[in-house]
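Below is input_1.pdb, holding PDB, C-alpha atoms.
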ATOM      1  CA  MET A  17    -133.015-180.626  19.191
ATOM      2  CA  THR A  18    -134.481-180.417  22.684
ATOM      3  CA  SER A  19    -131.008-180.365  24.198
ATOM      4  CA  ASN A  20    -130.118-177.425  21.923
ATOM      5  CA  LEU A  21    -133.151-175.509  23.141
ATOM      6  CA  LYS A  22    -132.369-176.288  26.773
ATOM      7  CA  SER A  23    -128.831-174.988  26.375
ATOM      8  CA  HIS A  24    -130.171-171.643  25.073
ATOM      9  CA  LEU A  25    -133.017-171.234  27.557
ATOM     10  CA  PRO A  26    -132.071-170.193  31.088
ATOM     11  CA  ALA A  27    -133.127-172.452  33.920
ATOM     12  CA  PRO A  28    -136.099-171.005  35.805
ATOM     13  CA  THR A  29    -135.323-169.374  39.107
ATOM     14  CA  LYS A  30    -137.880-169.390  41.876
ATOM     15  CA  GLN A  31    -138.609-165.694  41.367
ATOM     16  CA  ARG A  32    -139.061-166.015  37.608
ATOM     17  CA  PHE A  33    -141.156-169.144  37.996
ATOM     18  CA  ALA A  34    -143.304-167.461  40.678
ATOM     19  CA  ALA A  35    -143.866-164.408  38.469
ATOM     20  CA  THR A  36    -144.744-166.550  35.434
ATOM     21  CA  PHE A  37    -146.890-168.842  37.563
ATOM     22  CA  HIS A  38    -148.807-165.817  38.869
ATOM     23  CA  VAL A  39    -149.583-164.402  35.413
ATOM     24  CA  VAL A  40    -150.378-167.737  33.765
ATOM     25  CA  ARG A  41    -152.602-168.796  36.666
ATOM     26  CA  GLN A  42    -154.674-165.612  36.462
ATOM     27  CA  ILE A  43    -155.145-165.808  32.696
ATOM     28  CA  SER A  44    -156.010-169.497  32.887
ATOM     29  CA  VAL A  45    -158.561-169.027  35.672
ATOM     30  CA  TRP A  46    -160.359-166.201  33.884
ATOM     31  CA  VAL A  47    -160.476-168.000  30.531
ATOM     32  CA  GLN A  48    -161.767-171.147  32.207
ATOM     33  CA  LEU A  49    -164.356-169.175  34.192
ATOM     34  CA  VAL A  50    -165.665-167.379  31.103
ATOM     35  CA  LEU A  51    -165.835-170.517  28.949
ATOM     36  CA  GLY A  52    -167.300-172.535  31.820
ATOM     37  CA  THR A  53    -169.962-169.897  32.452
ATOM     38  CA  VAL A  54    -170.948-169.810  28.779
ATOM     39  CA  SER A  55    -171.110-173.615  28.737
ATOM     40  CA  SER A  56    -173.162-173.748  31.926
ATOM     41  CA  LEU A  57    -175.644-171.162  30.688
ATOM     42  CA  ALA A  58    -176.036-172.872  27.319
ATOM     43  CA  LEU A  59    -176.506-176.315  28.890
ATOM     44  CA  PHE A  60    -178.971-175.117  31.516
ATOM     45  CA  LEU A  61    -180.926-173.245  28.853
ATOM     46  CA  ALA A  62    -181.049-176.438  26.809
ATOM     47  CA  ILE A  63    -182.066-178.558  29.801
ATOM     48  CA  PHE A  64    -184.839-176.311  31.080
ATOM     49  CA  SER A  65    -186.188-175.358  27.656
ATOM     50  CA  ARG A  66    -186.540-178.825  26.191
ATOM     51  CA  ASN A  67    -189.812-179.790  24.607
ATOM     52  CA  LEU A  68    -190.930-182.733  26.722
ATOM     53  CA  ALA A  69    -193.557-183.807  24.188
ATOM     54  CA  VAL A  70    -190.947-184.841  21.645
ATOM     55  CA  GLN A  71    -189.851-188.401  22.355
ATOM     56  CA  ALA A  72    -187.474-189.531  19.663
ATOM     57  CA  SER A  73    -184.554-191.912  19.758
ATOM     58  CA  THR A  74    -182.209-189.023  19.009
ATOM     59  CA  ASN A  75    -183.417-187.230  22.153
ATOM     60  CA  SER A  76    -182.053-189.958  24.414
ATOM     61  CA  VAL A  77    -178.698-189.719  22.658
ATOM     62  CA  MET A  78    -178.792-185.925  22.928
ATOM     63  CA  GLU A  79    -179.607-186.252  26.630
ATOM     64  CA  PHE A  80    -176.513-188.446  27.016
ATOM     65  CA  GLY A  81    -174.477-185.642  25.418
ATOM     66  CA  VAL A  82    -176.045-183.182  27.865
ATOM     67  CA  PHE A  83    -175.228-185.524  30.746
ATOM     68  CA  LEU A  84    -171.589-185.789  29.636
ATOM     69  CA  GLY A  85    -171.516-181.998  29.323
ATOM     70  CA  LEU A  86    -172.770-181.620  32.892
ATOM     71  CA  ILE A  87    -170.096-184.006  34.133
ATOM     72  CA  GLY A  88    -167.551-181.955  32.144
ATOM     73  CA  ILE A  89    -168.765-178.806  33.924
ATOM     74  CA  LEU A  90    -168.336-180.520  37.293
ATOM     75  CA  VAL A  91    -164.798-181.538  36.342
ATOM     76  CA  LEU A  92    -164.126-177.953  35.209
ATOM     77  CA  SER A  93    -165.418-176.695  38.565
ATOM     78  CA  PHE A  94    -162.937-178.965  40.326
ATOM     79  CA  ARG A  95    -160.206-177.700  38.000
ATOM     80  CA  ILE A  96    -161.056-174.107  38.896
ATOM     81  CA  TYR A  97    -160.904-175.110  42.572
ATOM     82  CA  LEU A  98    -157.405-176.438  41.904
ATOM     83  CA  SER A  99    -156.555-173.099  40.329
ATOM     84  CA  PHE A 100    -157.434-171.449  43.627
ATOM     85  CA  ARG A 101    -155.034-173.872  45.311
ATOM     86  CA  TYR A 102    -152.508-172.645  42.750
ATOM     87  CA  ARG A 103    -153.174-169.170  44.138
ATOM     88  CA  ARG A 104    -152.115-170.257  47.621
ATOM     89  CA  LEU A 105    -149.030-171.866  46.113
ATOM     90  CA  ASP A 106    -148.365-168.667  44.181
ATOM     91  CA  LYS A 107    -148.400-166.606  47.385
ATOM     92  CA  LEU A 108    -146.052-169.054  49.089
ATOM     93  CA  LEU A 109    -143.627-168.920  46.161
ATOM     94  CA  GLN A 110    -143.558-165.120  46.283
ATOM     95  CA  SER A 111    -143.026-165.008  50.030
ATOM     96  CA  PRO A 112    -139.707-163.450  51.111
ATOM     97  CA  ASN A 113    -139.391-166.121  53.817
ATOM     98  CA  ARG A 114    -137.679-169.086  52.149
ATOM     99  CA  GLU A 115    -138.891-171.472  54.813
ATOM    100  CA  LEU A 116    -142.450-170.985  53.568
ATOM    101  CA  HIS A 117    -141.593-171.887  49.978
ATOM    102  CA  PRO A 118    -143.159-175.191  48.917
ATOM    103  CA  LYS A 119    -140.971-178.053  47.834
ATOM    104  CA  ARG A 120    -140.517-178.577  44.131
ATOM    105  CA  SER A 121    -142.123-182.013  44.400
ATOM    106  CA  ASP A 122    -145.279-180.440  45.912
ATOM    107  CA  VAL A 123    -145.508-177.950  43.038
ATOM    108  CA  VAL A 124    -144.990-180.706  40.461
ATOM    109  CA  GLN A 125    -147.572-182.930  42.141
ATOM    110  CA  LEU A 126    -150.228-180.185  42.168
ATOM    111  CA  LEU A 127    -149.535-179.332  38.515
ATOM    112  CA  GLN A 128    -149.768-183.016  37.581
ATOM    113  CA  ILE A 129    -153.113-183.365  39.358
ATOM    114  CA  GLY A 130    -154.365-180.299  37.475
ATOM    115  CA  LEU A 131    -153.170-181.778  34.189
ATOM    116  CA  ILE A 132    -154.881-185.112  34.836
ATOM    117  CA  VAL A 133    -158.149-183.420  35.815
ATOM    118  CA  SER A 134    -158.030-181.238  32.688
ATOM    119  CA  LEU A 135    -157.321-184.229  30.443
ATOM    120  CA  ILE A 136    -160.256-186.150  31.938
ATOM    121  CA  GLY A 137    -162.478-183.121  31.388
ATOM    122  CA  LEU A 138    -161.153-182.749  27.850
ATOM    123  CA  LEU A 139    -162.044-186.367  27.106
ATOM    124  CA  LEU A 140    -165.552-185.979  28.553
ATOM    125  CA  ALA A 141    -166.175-182.733  26.660
ATOM    126  CA  PHE A 142    -164.882-184.288  23.428
ATOM    127  CA  LEU A 143    -167.179-187.307  23.814
ATOM    128  CA  ALA A 144    -170.123-185.041  24.638
ATOM    129  CA  SER A 145    -169.510-182.887  21.572
ATOM    130  CA  GLU A 146    -169.122-185.944  19.339
ATOM    131  CA  VAL A 147    -172.431-187.364  20.559
ATOM    132  CA  THR A 148    -174.323-184.109  20.109
ATOM    133  CA  ILE A 149    -172.831-183.393  16.698
ATOM    134  CA  ALA A 150    -173.671-186.945  15.614
ATOM    135  CA  VAL A 151    -177.317-186.324  16.577
ATOM    136  CA  VAL A 152    -177.433-183.021  14.691
ATOM    137  CA  VAL A 153    -175.851-184.629  11.613
ATOM    138  CA  ALA A 154    -178.303-187.546  11.816
ATOM    139  CA  LYS A 155    -181.200-185.076  11.882
ATOM    140  CA  VAL A 156    -179.800-183.240   8.871
ATOM    141  CA  LEU A 157    -179.320-186.462   6.915
ATOM    142  CA  ALA A 158    -182.848-187.626   7.792
ATOM    143  CA  LEU A 159    -184.365-184.656   5.950
ATOM    144  CA  PRO A 160    -185.257-185.473   2.357
ATOM    145  CA  PRO A 161    -183.848-182.908  -0.042
ATOM    146  CA  GLY A 162    -186.294-180.242  -1.131
ATOM    147  CA  VAL A 163    -189.036-181.198   1.297
ATOM    148  CA  ALA A 164    -190.456-178.281   3.242
ATOM    149  CA  SER A 165    -192.422-180.281   5.808
ATOM    150  CA  TYR A 166    -190.566-181.037   8.968
ATOM    151  CA  THR A 167    -191.511-183.488  11.633
ATOM    152  CA  SER A 168    -190.623-182.964  15.256
ATOM    153  CA  ILE A 169    -188.326-185.990  15.123
ATOM    154  CA  ASN A 170    -185.808-184.623  12.648
ATOM    155  CA  PHE A 171    -186.186-180.914  13.221
ATOM    156  CA  ILE A 172    -182.967-179.325  14.402
ATOM    157  CA  ARG A 173    -183.889-177.154  17.333
ATOM    158  CA  PRO A 174    -181.823-174.158  18.430
ATOM    159  CA  LEU A 175    -181.399-175.903  21.764
ATOM    160  CA  ASP A 176    -179.499-178.696  20.018
ATOM    161  CA  VAL A 177    -177.068-176.078  18.779
ATOM    162  CA  PHE A 178    -176.751-174.694  22.335
ATOM    163  CA  VAL A 179    -175.682-178.142  23.541
ATOM    164  CA  VAL A 180    -173.051-178.294  20.808
ATOM    165  CA  LEU A 181    -171.878-174.782  21.743
ATOM    166  CA  ALA A 182    -171.662-175.707  25.425
ATOM    167  CA  ASN A 183    -169.605-178.813  24.754
ATOM    168  CA  ILE A 184    -167.202-177.040  22.405
ATOM    169  CA  ASN A 185    -166.661-174.287  24.989
ATOM    170  CA  LEU A 186    -165.951-176.999  27.537
ATOM    171  CA  ILE A 187    -163.301-178.410  25.226
ATOM    172  CA  GLY A 188    -161.705-174.959  25.087
ATOM    173  CA  ALA A 189    -161.804-174.509  28.866
ATOM    174  CA  HIS A 190    -160.247-177.899  29.557
ATOM    175  CA  PHE A 191    -157.683-177.318  26.817
ATOM    176  CA  VAL A 192    -156.585-174.059  28.472
ATOM    177  CA  GLY A 193    -156.260-175.859  31.817
ATOM    178  CA  SER A 194    -154.223-178.649  30.231
ATOM    179  CA  LEU A 195    -152.016-176.192  28.407
ATOM    180  CA  THR A 196    -151.389-174.211  31.580
ATOM    181  CA  SER A 197    -150.402-177.231  33.657
ATOM    182  CA  LEU A 198    -148.358-178.798  30.889
ATOM    183  CA  GLY A 199    -146.499-175.579  30.110
ATOM    184  CA  LEU A 200    -145.651-174.898  33.753
ATOM    185  CA  LEU A 201    -144.597-178.510  34.284
ATOM    186  CA  ASN A 202    -142.391-178.401  31.194
ATOM    187  CA  TRP A 203    -140.786-175.151  32.305
ATOM    188  CA  LEU A 204    -140.266-176.458  35.844
ATOM    189  CA  GLU A 205    -138.596-179.642  34.564
ATOM    190  CA  GLN A 206    -135.920-177.702  32.660
TER     191      GLN A 206
END

Whole structure, structure tokens version:
Amino acid sequence: MTSNLKSHLPAPTKQRFAATFHVVRQISVWVQLVLGTVSSLALFLAIFSRNLAVQASTNSVMEFGVFLGLIGILVLSFRIYLSFRYRRLDKLLQSPNRELHPKRSDVVQLLQIGLIVSLIGLLLAFLASEVTIAVVVAKVLALPPGVASYTSINFIRPLDVFVVLANINLIGAHFVGSLTSLGLLNWLEQ
């Protein structure tokens, strides 16, 4: 079936690839910047607004989820840096001077590095969201049904939800980066 699709799809020319690369790179960078900013704000709000008096076992697990989220933001920052390297590559591909055009192997290598970085970030963000959701679910299950008194140990704070929100946005940002690199690599390999 793949061979049938390849026979119907035209092979990418440098001009078409450069034009597509330009548009996809811009959309990817902006989506990653927006989702990364939302994640950063939510995580920093959760970090700096934590109630330090509450010392429960779930807090240490939640802090591990926050830590993984911060590492995911650092990986996303590196991915956005790579997107700016894509910009330089984009300008070289659109240059009228053919001697300035990068080799295909250089383009493939940079796209592969971007894909690997995004997949690592995706794994970190997934683990962070799993940890934080597990803590929130544990707090919900610890509440006896119909009891109106809450202790500070099993009270779900809005900041816990911010951590979950931050990690899910990180998943989206890394997914967009992976999709961008994978799609361009797939198109370049045709």

| message | So that I can see what lies close to His38 (chain A), please list as a ChimeraX atom specification the residues with an atom at most 10 Å from it, counting all atoms listed in the file and leaving out residues fewer than 3 positions away in the same chain. | response | /A:32-35,41-43,102-103,105-107,109-110

| message | For the PyMOL selection byres ((chain A and resi 55) around 7), applied here, can you spell out every residue it catches as a list of chain:residue names? | response |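 On the file shown, the PyMOL selection byres ((chain A and resi 55) around 7) covers A:Leu51, A:Gly52, A:Thr53, A:Val54, A:Ser56, A:Leu57, A:Ala58, A:Leu59, A:Ala182, A:Asn183, A:Asn185, A:Leu186.
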
| request: Would you kindly translate the PyMOL selection byres ((chain A and resi 88) around 7) into the concrete residues it picks from this file, as a ChimeraX atom specification? | output: /A:84-87,89-92,137,140-141,186

| field | Test item: the PyMOL selection byres ((chain A and resi 152) around 10) resolved as a count of residues only | value | 21

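Comparing A:Leu175, A:Leu49, A:Leu98, A:Val40 by their smallest distance to Val133 (chain A), the closest is A:Leu98 (using only C-alpha atoms).
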
| task | Quote the spacing between CA of Leu108 (chain A) and CA of Gly193 (chain A) in Å to one decimal place. | result |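 Taking CA of Leu108 (chain A) and CA of Gly193 (chain A), their separation equals 21.2 Å.
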
| request: Enter the distance from CA of Leu201 (chain A) to CA of His117 (chain A), in Å, rounded to one decimal. | output: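 Going from CA of Leu201 (chain A) over to CA of His117 (chain A), I get 17.3 Å.
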
| query | Residues around (-148.9, -180.1, 38.9), cut-off 12 Å, counting only C-alpha atoms - what are they as a PyMOL selection string? | reply | chain A and resi 37+95+98-99+101-102+105+120-134+193-205

Any chance you could model N, CA and C atoms for region 112-124 of chain A and send them as a PDB file, in the coordinates of the input?
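The result, stored in rebuild-v1.pdb:
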ATOM      1  N   PRO A 112    -141.133-163.697  50.899  1.00  0.00           N
ATOM      2  CA  PRO A 112    -139.707-163.450  51.111  1.00  0.00           C
ATOM      3  C   PRO A 112    -139.077-164.468  52.069  1.00  0.00           C
ATOM      4  N   ASN A 113    -139.889-165.116  52.891  1.00  0.00           N
ATOM      5  CA  ASN A 113    -139.391-166.121  53.817  1.00  0.00           C
ATOM      6  C   ASN A 113    -139.196-167.442  53.079  1.00  0.00           C
ATOM      7  N   ARG A 114    -137.970-167.866  52.919  1.00  0.00           N
ATOM      8  CA  ARG A 114    -137.679-169.086  52.149  1.00  0.00           C
ATOM      9  C   ARG A 114    -138.173-170.356  52.820  1.00  0.00           C
ATOM     10  N   GLU A 115    -138.397-170.291  54.110  1.00  0.00           N
ATOM     11  CA  GLU A 115    -138.891-171.472  54.813  1.00  0.00           C
ATOM     12  C   GLU A 115    -140.335-171.789  54.445  1.00  0.00           C
ATOM     13  N   LEU A 116    -141.065-170.783  53.975  1.00  0.00           N
ATOM     14  CA  LEU A 116    -142.450-170.985  53.568  1.00  0.00           C
ATOM     15  C   LEU A 116    -142.581-171.501  52.144  1.00  0.00           C
ATOM     16  N   HIS A 117    -141.523-171.445  51.368  1.00  0.00           N
ATOM     17  CA  HIS A 117    -141.593-171.887  49.978  1.00  0.00           C
ATOM     18  C   HIS A 117    -141.908-173.384  49.925  1.00  0.00           C
ATOM     19  N   PRO A 118    -142.846-173.755  49.052  1.00  0.00           N
ATOM     20  CA  PRO A 118    -143.159-175.191  48.917  1.00  0.00           C
ATOM     21  C   PRO A 118    -142.025-175.931  48.230  1.00  0.00           C
ATOM     22  N   LYS A 119    -141.984-177.233  48.491  1.00  0.00           N
ATOM     23  CA  LYS A 119    -140.971-178.053  47.834  1.00  0.00           C
ATOM     24  C   LYS A 119    -141.321-178.198  46.357  1.00  0.00           C
ATOM     25  N   ARG A 120    -140.310-178.405  45.572  1.00  0.00           N
ATOM     26  CA  ARG A 120    -140.517-178.577  44.131  1.00  0.00           C
ATOM     27  C   ARG A 120    -141.437-179.758  43.842  1.00  0.00           C
ATOM     28  N   SER A 121    -141.290-180.820  44.617  1.00  0.00           N
ATOM     29  CA  SER A 121    -142.123-182.013  44.400  1.00  0.00           C
ATOM     30  C   SER A 121    -143.602-181.704  44.668  1.00  0.00           C
ATOM     31  N   ASP A 122    -143.887-180.823  45.639  1.00  0.00           N
ATOM     32  CA  ASP A 122    -145.279-180.440  45.912  1.00  0.00           C
ATOM     33  C   ASP A 122    -145.866-179.650  44.742  1.00  0.00           C
ATOM     34  N   VAL A 123    -145.051-178.747  44.182  1.00  0.00           N
ATOM     35  CA  VAL A 123    -145.508-177.950  43.038  1.00  0.00           C
ATOM     36  C   VAL A 123    -145.766-178.867  41.840  1.00  0.00           C
ATOM     37  N   VAL A 124    -144.845-179.777  41.591  1.00  0.00           N
ATOM     38  CA  VAL A 124    -144.990-180.706  40.461  1.00  0.00           C
ATOM     39  C   VAL A 124    -146.220-181.589  40.658  1.00  0.00           C
TER      40      VAL A 124
END
